[in-house]
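**Q** My questions will all concern the structure given below.
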Amino acid sequence: MSTALRIPAPRDQWFVVQVFSGQEKKVYDSIIKRLQTEEMGDLVYQVLIPTERVQEIKQGKKSETTRKFFPGYIIVNMHLLTEEGGLIDRTWYFIKDTPGVLGYAGTKDRPTPMRPREVESLLAQIQDREDTVKPKISFQVGEKVKVADGPFQNQTGFVEEIDPERGKLRVSVTIFGRETPVELEYWQVDREE
């Protein structure tokens with residue numbers, strides 16, 4: 001059995017590139033702009049910043065933002081390795097010399113391509129996170145919370161159950177002197193300070 005790494009076909013080579021945290025978009029923009037001016041479209045196929053949409057409530061107003069789920073990294077689909085495992089210098093330096101790039105995931109001088117199942121999983125995760133909006137904060141059973149929206153607004157209660165798939169909580173609030181469980185969406189609830 002061979003322990004040698006099988007080199008993916010040129011268009012199936014995906015690499016994780018480490019960048020300065022907070023500069024992912026700047027690096028992405030630079031690569032995209034340089035792709036055209038330096039005519040690298042035949043070697044660099046796709047650049048991704050994996051993000052997700054998150055919702056939160058601030059001062060009673062619901063807002064939606066985008067957040068990176070791999071801060072400090074971008075994913076690049078590019079032809080970087082030859083069939084024999086050698087580096088294609090033109091691609092290597094194109095990415096490496098981009099301002100804000102720290103290096104490739106792998107060893108110091110040998111980037112490691114992502115495995116096909118890792119690529120499939122990542123792309124599916126990116127698609128899933130683009131299609132759904134996640135709450136910005138997560139809760140724990142027993143945690144004291146304040147209802148920020150809906151008919152029970154300003155009531156405090158305790159988290160009894162969490163359904164992360166649906167983004168819902170069951171919170172026990174006091175209504176007319178009795179503990180009553182109510183189902184709320186994550187964004188309808190704030191942590192009690």
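Going through the structure tokens in order, the chains are called A, B, and so on, while each chain numbers its residues from 1 and the ligands are numbered from 1 in the order shown.
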I'd like to know which residues of range 88-191 of chain A are strand (DSSP E or B) (by DSSP, run on the backbone); could you write them as a PyMOL selection string?
**A** chain A and resi 101-104+106+111+133-135+144-147+156-163+168-175+178-185+189-191
**Q** Go ahead and save the picked residues with N, CA and C atoms, as a tab-separated table (two decimals), in the first residue's frame.
**A**
```
chain	number	residue	atom	x	y	z
A	101	VAL	N	-1.21	37.69	3.09
A	101	VAL	CA	-1.12	36.22	3.12
A	101	VAL	C	0.07	35.82	4.01
A	102	LEU	N	-0.20	34.89	4.94
A	102	LEU	CA	0.85	34.37	5.82
A	102	LEU	C	1.46	33.10	5.26
A	103	GLY	N	0.65	32.27	4.62
A	103	GLY	CA	1.18	31.02	4.06
A	103	GLY	C	0.07	30.03	3.77
A	104	TYR	N	0.49	28.84	3.39
A	104	TYR	CA	-0.43	27.75	3.05
A	104	TYR	C	-0.52	26.78	4.22
A	106	GLY	N	-0.27	23.25	5.70
A	106	GLY	CA	0.63	22.17	5.34
A	106	GLY	C	1.95	22.40	6.05
A	111	PRO	N	2.59	22.85	0.62
A	111	PRO	CA	1.16	22.96	0.92
A	111	PRO	C	0.47	21.61	0.72
A	133	VAL	N	-30.05	31.43	8.48
A	133	VAL	CA	-29.57	32.47	9.38
A	133	VAL	C	-29.46	31.86	10.77
A	134	LYS	N	-28.29	31.96	11.36
A	134	LYS	CA	-28.05	31.40	12.69
A	134	LYS	C	-28.12	32.53	13.72
A	135	PRO	N	-28.50	32.18	14.95
A	135	PRO	CA	-28.45	33.19	16.01
A	135	PRO	C	-26.99	33.48	16.37
A	144	LYS	N	-30.66	32.14	32.75
A	144	LYS	CA	-31.68	33.17	32.90
A	144	LYS	C	-31.62	34.09	31.69
A	145	VAL	N	-32.79	34.34	31.07
A	145	VAL	CA	-32.87	35.17	29.87
A	145	VAL	C	-34.01	36.17	30.00
A	146	LYS	N	-33.96	37.18	29.12
A	146	LYS	CA	-35.03	38.18	29.07
A	146	LYS	C	-35.61	38.15	27.67
A	147	VAL	N	-36.93	38.11	27.58
A	147	VAL	CA	-37.61	38.10	26.29
A	147	VAL	C	-37.53	39.51	25.70
A	156	THR	N	-38.72	37.89	32.22
A	156	THR	CA	-37.52	37.07	32.39
A	156	THR	C	-37.96	35.64	32.63
A	157	GLY	N	-37.06	34.74	32.28
A	157	GLY	CA	-37.37	33.33	32.47
A	157	GLY	C	-36.10	32.50	32.39
A	158	PHE	N	-36.29	31.20	32.43
A	158	PHE	CA	-35.15	30.29	32.38
A	158	PHE	C	-35.29	29.35	31.19
A	159	VAL	N	-34.17	29.10	30.52
A	159	VAL	CA	-34.16	28.21	29.36
A	159	VAL	C	-34.39	26.78	29.85
A	160	GLU	N	-35.43	26.12	29.33
A	160	GLU	CA	-35.72	24.74	29.69
A	160	GLU	C	-35.22	23.76	28.64
A	161	GLU	N	-35.29	24.19	27.37
A	161	GLU	CA	-34.93	23.29	26.27
A	161	GLU	C	-34.39	24.11	25.11
A	162	ILE	N	-33.44	23.53	24.37
A	162	ILE	CA	-32.82	24.22	23.23
A	162	ILE	C	-32.97	23.34	22.00
A	163	ASP	N	-33.45	23.93	20.90
A	163	ASP	CA	-33.55	23.21	19.63
A	163	ASP	C	-32.71	23.96	18.59
A	168	LYS	N	-34.77	27.48	18.08
A	168	LYS	CA	-35.83	27.81	19.05
A	168	LYS	C	-35.42	27.39	20.45
A	169	LEU	N	-36.04	28.06	21.41
A	169	LEU	CA	-35.84	27.77	22.83
A	169	LEU	C	-37.20	27.58	23.49
A	170	ARG	N	-37.24	26.74	24.51
A	170	ARG	CA	-38.43	26.72	25.37
A	170	ARG	C	-37.99	27.40	26.65
A	171	VAL	N	-38.68	28.51	26.95
A	171	VAL	CA	-38.33	29.33	28.11
A	171	VAL	C	-39.50	29.32	29.07
A	172	SER	N	-39.21	29.13	30.34
A	172	SER	CA	-40.24	29.15	31.37
A	172	SER	C	-40.35	30.58	31.90
A	173	VAL	N	-41.52	31.22	31.66
A	173	VAL	CA	-41.77	32.58	32.15
A	173	VAL	C	-42.95	32.54	33.12
A	174	THR	N	-43.04	33.54	33.96
A	174	THR	CA	-44.13	33.61	34.93
A	174	THR	C	-45.26	34.46	34.35
A	175	ILE	N	-46.43	33.83	34.19
A	175	ILE	CA	-47.61	34.52	33.67
A	175	ILE	C	-48.73	34.33	34.69
A	178	ARG	N	-47.89	31.99	37.50
A	178	ARG	CA	-47.60	30.57	37.24
A	178	ARG	C	-46.47	30.46	36.23
A	179	GLU	N	-45.61	29.47	36.44
A	179	GLU	CA	-44.53	29.19	35.49
A	179	GLU	C	-45.15	28.58	34.23
A	180	THR	N	-44.90	29.21	33.08
A	180	THR	CA	-45.47	28.74	31.82
A	180	THR	C	-44.36	28.63	30.78
A	181	PRO	N	-44.24	27.44	30.14
A	181	PRO	CA	-43.23	27.32	29.09
A	181	PRO	C	-43.72	27.95	27.78
A	182	VAL	N	-42.86	28.76	27.15
A	182	VAL	CA	-43.20	29.35	25.87
A	182	VAL	C	-42.06	29.06	24.89
A	183	GLU	N	-42.43	28.84	23.63
A	183	GLU	CA	-41.43	28.59	22.60
A	183	GLU	C	-41.08	29.90	21.92
A	184	LEU	N	-39.79	30.20	21.89
A	184	LEU	CA	-39.31	31.45	21.30
A	184	LEU	C	-38.15	31.16	20.36
A	185	GLU	N	-37.97	32.03	19.37
A	185	GLU	CA	-36.81	31.93	18.51
A	185	GLU	C	-35.64	32.57	19.23
A	189	VAL	N	-34.75	36.50	22.28
A	189	VAL	CA	-34.29	36.40	23.66
A	189	VAL	C	-32.91	37.01	23.81
A	190	ASP	N	-32.69	37.71	24.93
A	190	ASP	CA	-31.38	38.26	25.29
A	190	ASP	C	-30.91	37.60	26.58
A	191	ARG	N	-29.61	37.53	26.73
A	191	ARG	CA	-29.06	37.05	28.02
A	191	ARG	C	-29.40	38.06	29.10
```
**Q** Just the residues within 12 Å of Asp128 in chain A, please, counting only C-alpha atoms, with nothing from its chain fewer than 6 positions along; format it as a PyMOL selection string.
**A** chain A and resi 50-53+121-122+134
**Q** Work out how far CA of Ile74 in chain A is from CA of Val19 in chain A, in Å to one decimal.
**A** 7.2 Å
**Q** To one decimal place in Å, what is the distance between CA of Gln36 in chain A and CA of Thr91 in chain A?
**A**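 Calculated distance between CA of Gln36 in chain A and CA of Thr91 in chain A is 13.8 Å.
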**Q** Rank nothing, just name the residue among A:Ala105, A:Ala9, A:Met114, A:Leu123 nearest to Ile49 in chain A, using only C-alpha atoms.
**A**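 Checking each of A:Ala105, A:Ala9, A:Met114, A:Leu123 against Ile49 in chain A, counting only C-alpha atoms, the winner is A:Leu123.
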**Q** Return as a PyMOL selection string the full set of residues in chain A whose backbone-based DSSP assignment is helix (DSSP H, G or I).
**A** chain A and resi 10-12+24-37+89-96+116-131+186-188
**Q** To one decimal in Å, tell me the separation between CA of Ser30 in chain A and CA of Gln125 in chain A.
**A**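 Between CA of Ser30 in chain A and CA of Gln125 in chain A the gap is 24.9 Å.
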**Q** Ranking A:Phe176, A:Trp187, A:Phe94, A:Phe70 by minimum distance to Val54 in chain A and counting only C-alpha atoms, which one comes first?
**A**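 Closest to Val54 in chain A, using only C-alpha atoms: A:Trp187.
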**Q** Looking at only C-alpha atoms, which of A:Gln18, A:Gln153, A:Thr112, A:Gln140 is the one that sits closest to Leu81 in chain A?
**A** A:Thr112
**Q** Give me the residues near Thr98 in chain A as a list in words, where near means some atom within 12 Å (using only C-alpha atoms) and where sequence neighbours in that chain fewer than 6 positions away do not count.
**A** Val17, Gln18, Val19, Phe20, Gln23, Glu24, Lys26, Val27, Tyr28, Asp29, Ser30, Ile31, Ile32, Lys33, Arg34, Leu35, Thr91 and Trp92 of chain A
**Q** If you keep C-alpha atoms, can you produce a file of those selected residues as a tab-separated table (two decimals), in the first residue's frame?
**A**
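And here is the file that came out, part_8.tsv:
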```
chain	number	residue	atom	x	y	z
A	17	VAL	CA	-4.45	29.80	2.85
A	18	GLN	CA	-3.71	31.54	6.14
A	19	VAL	CA	-4.11	35.32	6.13
A	20	PHE	CA	-3.94	38.05	8.75
A	23	GLN	CA	-7.90	40.99	6.33
A	24	GLU	CA	-9.70	38.10	4.61
A	26	LYS	CA	-8.80	42.61	1.54
A	27	VAL	CA	-6.78	39.53	0.49
A	28	TYR	CA	-9.77	38.15	-1.45
A	29	ASP	CA	-10.25	41.45	-3.29
A	30	SER	CA	-6.54	41.68	-4.10
A	31	ILE	CA	-6.45	38.14	-5.52
A	32	ILE	CA	-9.60	38.69	-7.62
A	33	LYS	CA	-8.24	41.99	-9.00
A	34	ARG	CA	-4.80	40.51	-9.75
A	35	LEU	CA	-6.34	37.43	-11.42
A	91	THR	CA	0.75	29.92	-8.70
A	92	TRP	CA	2.79	29.58	-5.48
```
**Q** Between A:Pro113, A:Gly167, A:Ile126, A:Gln188, which has the minimum distance to Gly85 in chain A (counting only C-alpha atoms)?
**A**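 Looking at the shortest contact to Gly85 in chain A, the residue is A:Pro113.
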**Q** When you look at Ile88 in chain A with a cut-off of 12 Å (counting only C-alpha atoms), what residues show up, excluding the ones that are within fewer than 4 positions of it in the same chain? I need them as a PyMOL selection string.
**A** chain A and resi 10+43-44+78-84+92-95+110-111
